[in-house]
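> Okay, here's the structure, questions in a sec.
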Amino acid sequence: MNVIPLFPDKSARETAPASVSNARKSTLSEKDAVDIWIARWLRIRRKDILQRYDCDPRRLYEVWEGVKHPASRAKALIRFQAEYPNLMDRVDFGGHRRIPRNERHPDQLSLFEDERA
């Protein structure tokens, strides 16, 4: 099996025509989604993943939340197991959890209740 490096050198991107390098990728293929899962499990920084695929950050979260290419996670797990068998016990394969920042949990209201009343 040929292993394709996830992040080849940047020289190819730097020499690309301006019309190609400045255009943001609007959609990701399923192959891209598999690579994105593997990059996440290898703990590659989100910034580096975004730079490689030149896409909006929301596209990554669509993959990680299973909105786009839901089967890519299972395919990535099979490929990860084949390519990185020594890392299988060191990686957290859990899904992405969205942490709401706007909503306050109702249990926190008890912190502000007046105990004298």
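So you can find residues: chains in the structure tokens are A, B, ... in the order shown, residues in each start at 1, and ligands are numbered from 1 in order.
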Using only C-alpha atoms, which residues sit within 10 Å of Arg97 (chain A) once same-chain residues fewer than 5 positions away are excluded, as number ranges by chain?
A: 61, 64-65
> Go through A:Pro85, A:Arg43, A:Leu28, A:Lys75 and flag the residue nearest Arg59 (chain A), using only C-alpha atoms for the distances.
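Ranked by minimum distance to Arg59 (chain A), first place goes to A:Leu28.
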> Could you list, as an mmCIF file with N, CA and C atoms, in the first residue's frame, every residue within 8 Å of region 68-70 of chain A, counting only C-alpha atoms and ignoring same-chain residues fewer than 4 positions away?

```
data_model
loop_
_atom_site.group_PDB
_atom_site.id
_atom_site.type_symbol
_atom_site.label_atom_id
_atom_site.label_comp_id
_atom_site.auth_asym_id
_atom_site.auth_seq_id
_atom_site.Cartn_x
_atom_site.Cartn_y
_atom_site.Cartn_z
ATOM 1 N N GLU A 30 -14.928 12.810 -0.250
ATOM 2 C CA GLU A 30 -14.898 11.803 0.814
ATOM 3 C C GLU A 30 -13.457 11.403 1.129
ATOM 4 N N ALA A 33 -12.209 13.903 3.427
ATOM 5 C CA ALA A 33 -12.796 13.706 4.753
ATOM 6 C C ALA A 33 -12.067 12.604 5.517
ATOM 7 N N GLU A 62 -18.180 20.076 9.752
ATOM 8 C CA GLU A 62 -19.224 19.281 9.091
ATOM 9 C C GLU A 62 -18.782 17.834 8.957
ATOM 10 N N VAL A 63 -17.506 17.620 8.684
ATOM 11 C CA VAL A 63 -16.972 16.261 8.595
ATOM 12 C C VAL A 63 -16.943 15.629 9.981
#
```
> Using only C-alpha atoms, can you tell me which of A:Tyr53, A:Ser29, A:Ala39, A:Leu77 comes closest to Phe93 (chain A)?
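Between A:Tyr53, A:Ser29, A:Ala39, A:Leu77, the residue approaching Phe93 (chain A) most closely is A:Leu77.
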> Work out how far CA of Gln81 (chain A) is from CA of Val67 (chain A), in Å to one decimal.
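It comes out at 23.5 Å.
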> Pick the closest to Arg58 (chain A) from A:Gly94, A:Arg45, A:Thr27, A:Trp37: which is it, counting only C-alpha atoms?
A:Thr27
> Which of these residues is nearest to Phe80 (chain A), using only C-alpha atoms: A:Arg52, A:Asp92, A:Ser26, A:Trp41?
A:Trp41
> Between CA of Lys47 (chain A) and CA of Arg73 (chain A), measure the distance and give it in Å to one decimal.
20.3 Å
> May I have all residues of region 47-94 of chain A that DSSP, computed from the backbone, assigns to helix (DSSP H, G or I), given as a PyMOL selection string?
chain A and resi 47-53+57-64+72-83+85-87
> Using C-alpha atoms, can you export the residues from the last selection as a PDB file, in the first residue's frame?

```pdb
ATOM      1  CA  LYS A  47      -4.734  25.540  11.349  1.00  0.00           C
ATOM      2  CA  ASP A  48      -2.476  23.203   9.355  1.00  0.00           C
ATOM      3  CA  ILE A  49      -5.434  21.132   8.144  1.00  0.00           C
ATOM      4  CA  LEU A  50      -7.201  24.305   7.024  1.00  0.00           C
ATOM      5  CA  GLN A  51      -4.085  25.460   5.208  1.00  0.00           C
ATOM      6  CA  ARG A  52      -3.775  22.161   3.376  1.00  0.00           C
ATOM      7  CA  TYR A  53      -7.382  21.998   2.166  1.00  0.00           C
ATOM      8  CA  PRO A  57     -13.261  25.923   9.119  1.00  0.00           C
ATOM      9  CA  ARG A  58     -16.947  25.006   9.104  1.00  0.00           C
ATOM     10  CA  ARG A  59     -16.215  22.365   6.450  1.00  0.00           C
ATOM     11  CA  LEU A  60     -13.977  20.519   8.942  1.00  0.00           C
ATOM     12  CA  TYR A  61     -16.663  20.541  11.602  1.00  0.00           C
ATOM     13  CA  GLU A  62     -19.224  19.281   9.091  1.00  0.00           C
ATOM     14  CA  VAL A  63     -16.972  16.261   8.595  1.00  0.00           C
ATOM     15  CA  TRP A  64     -16.266  15.780  12.312  1.00  0.00           C
ATOM     16  CA  SER A  72     -15.668   8.679   6.172  1.00  0.00           C
ATOM     17  CA  ARG A  73     -15.021   8.130   9.879  1.00  0.00           C
ATOM     18  CA  ALA A  74     -15.352   4.338   9.584  1.00  0.00           C
ATOM     19  CA  LYS A  75     -13.162   4.298   6.462  1.00  0.00           C
ATOM     20  CA  ALA A  76     -10.573   6.473   8.208  1.00  0.00           C
ATOM     21  CA  LEU A  77     -10.526   4.149  11.205  1.00  0.00           C
ATOM     22  CA  ILE A  78      -9.804   1.140   8.970  1.00  0.00           C
ATOM     23  CA  ARG A  79      -7.054   3.029   7.155  1.00  0.00           C
ATOM     24  CA  PHE A  80      -5.596   4.381  10.413  1.00  0.00           C
ATOM     25  CA  GLN A  81      -5.465   0.864  11.847  1.00  0.00           C
ATOM     26  CA  ALA A  82      -3.585  -0.357   8.763  1.00  0.00           C
ATOM     27  CA  GLU A  83      -1.127   2.555   8.573  1.00  0.00           C
ATOM     28  CA  PRO A  85      -1.091   0.039  14.224  1.00  0.00           C
ATOM     29  CA  ASN A  86       1.284   1.113  17.001  1.00  0.00           C
ATOM     30  CA  LEU A  87      -0.874   4.197  17.767  1.00  0.00           C
TER      31      LEU A  87
END
```
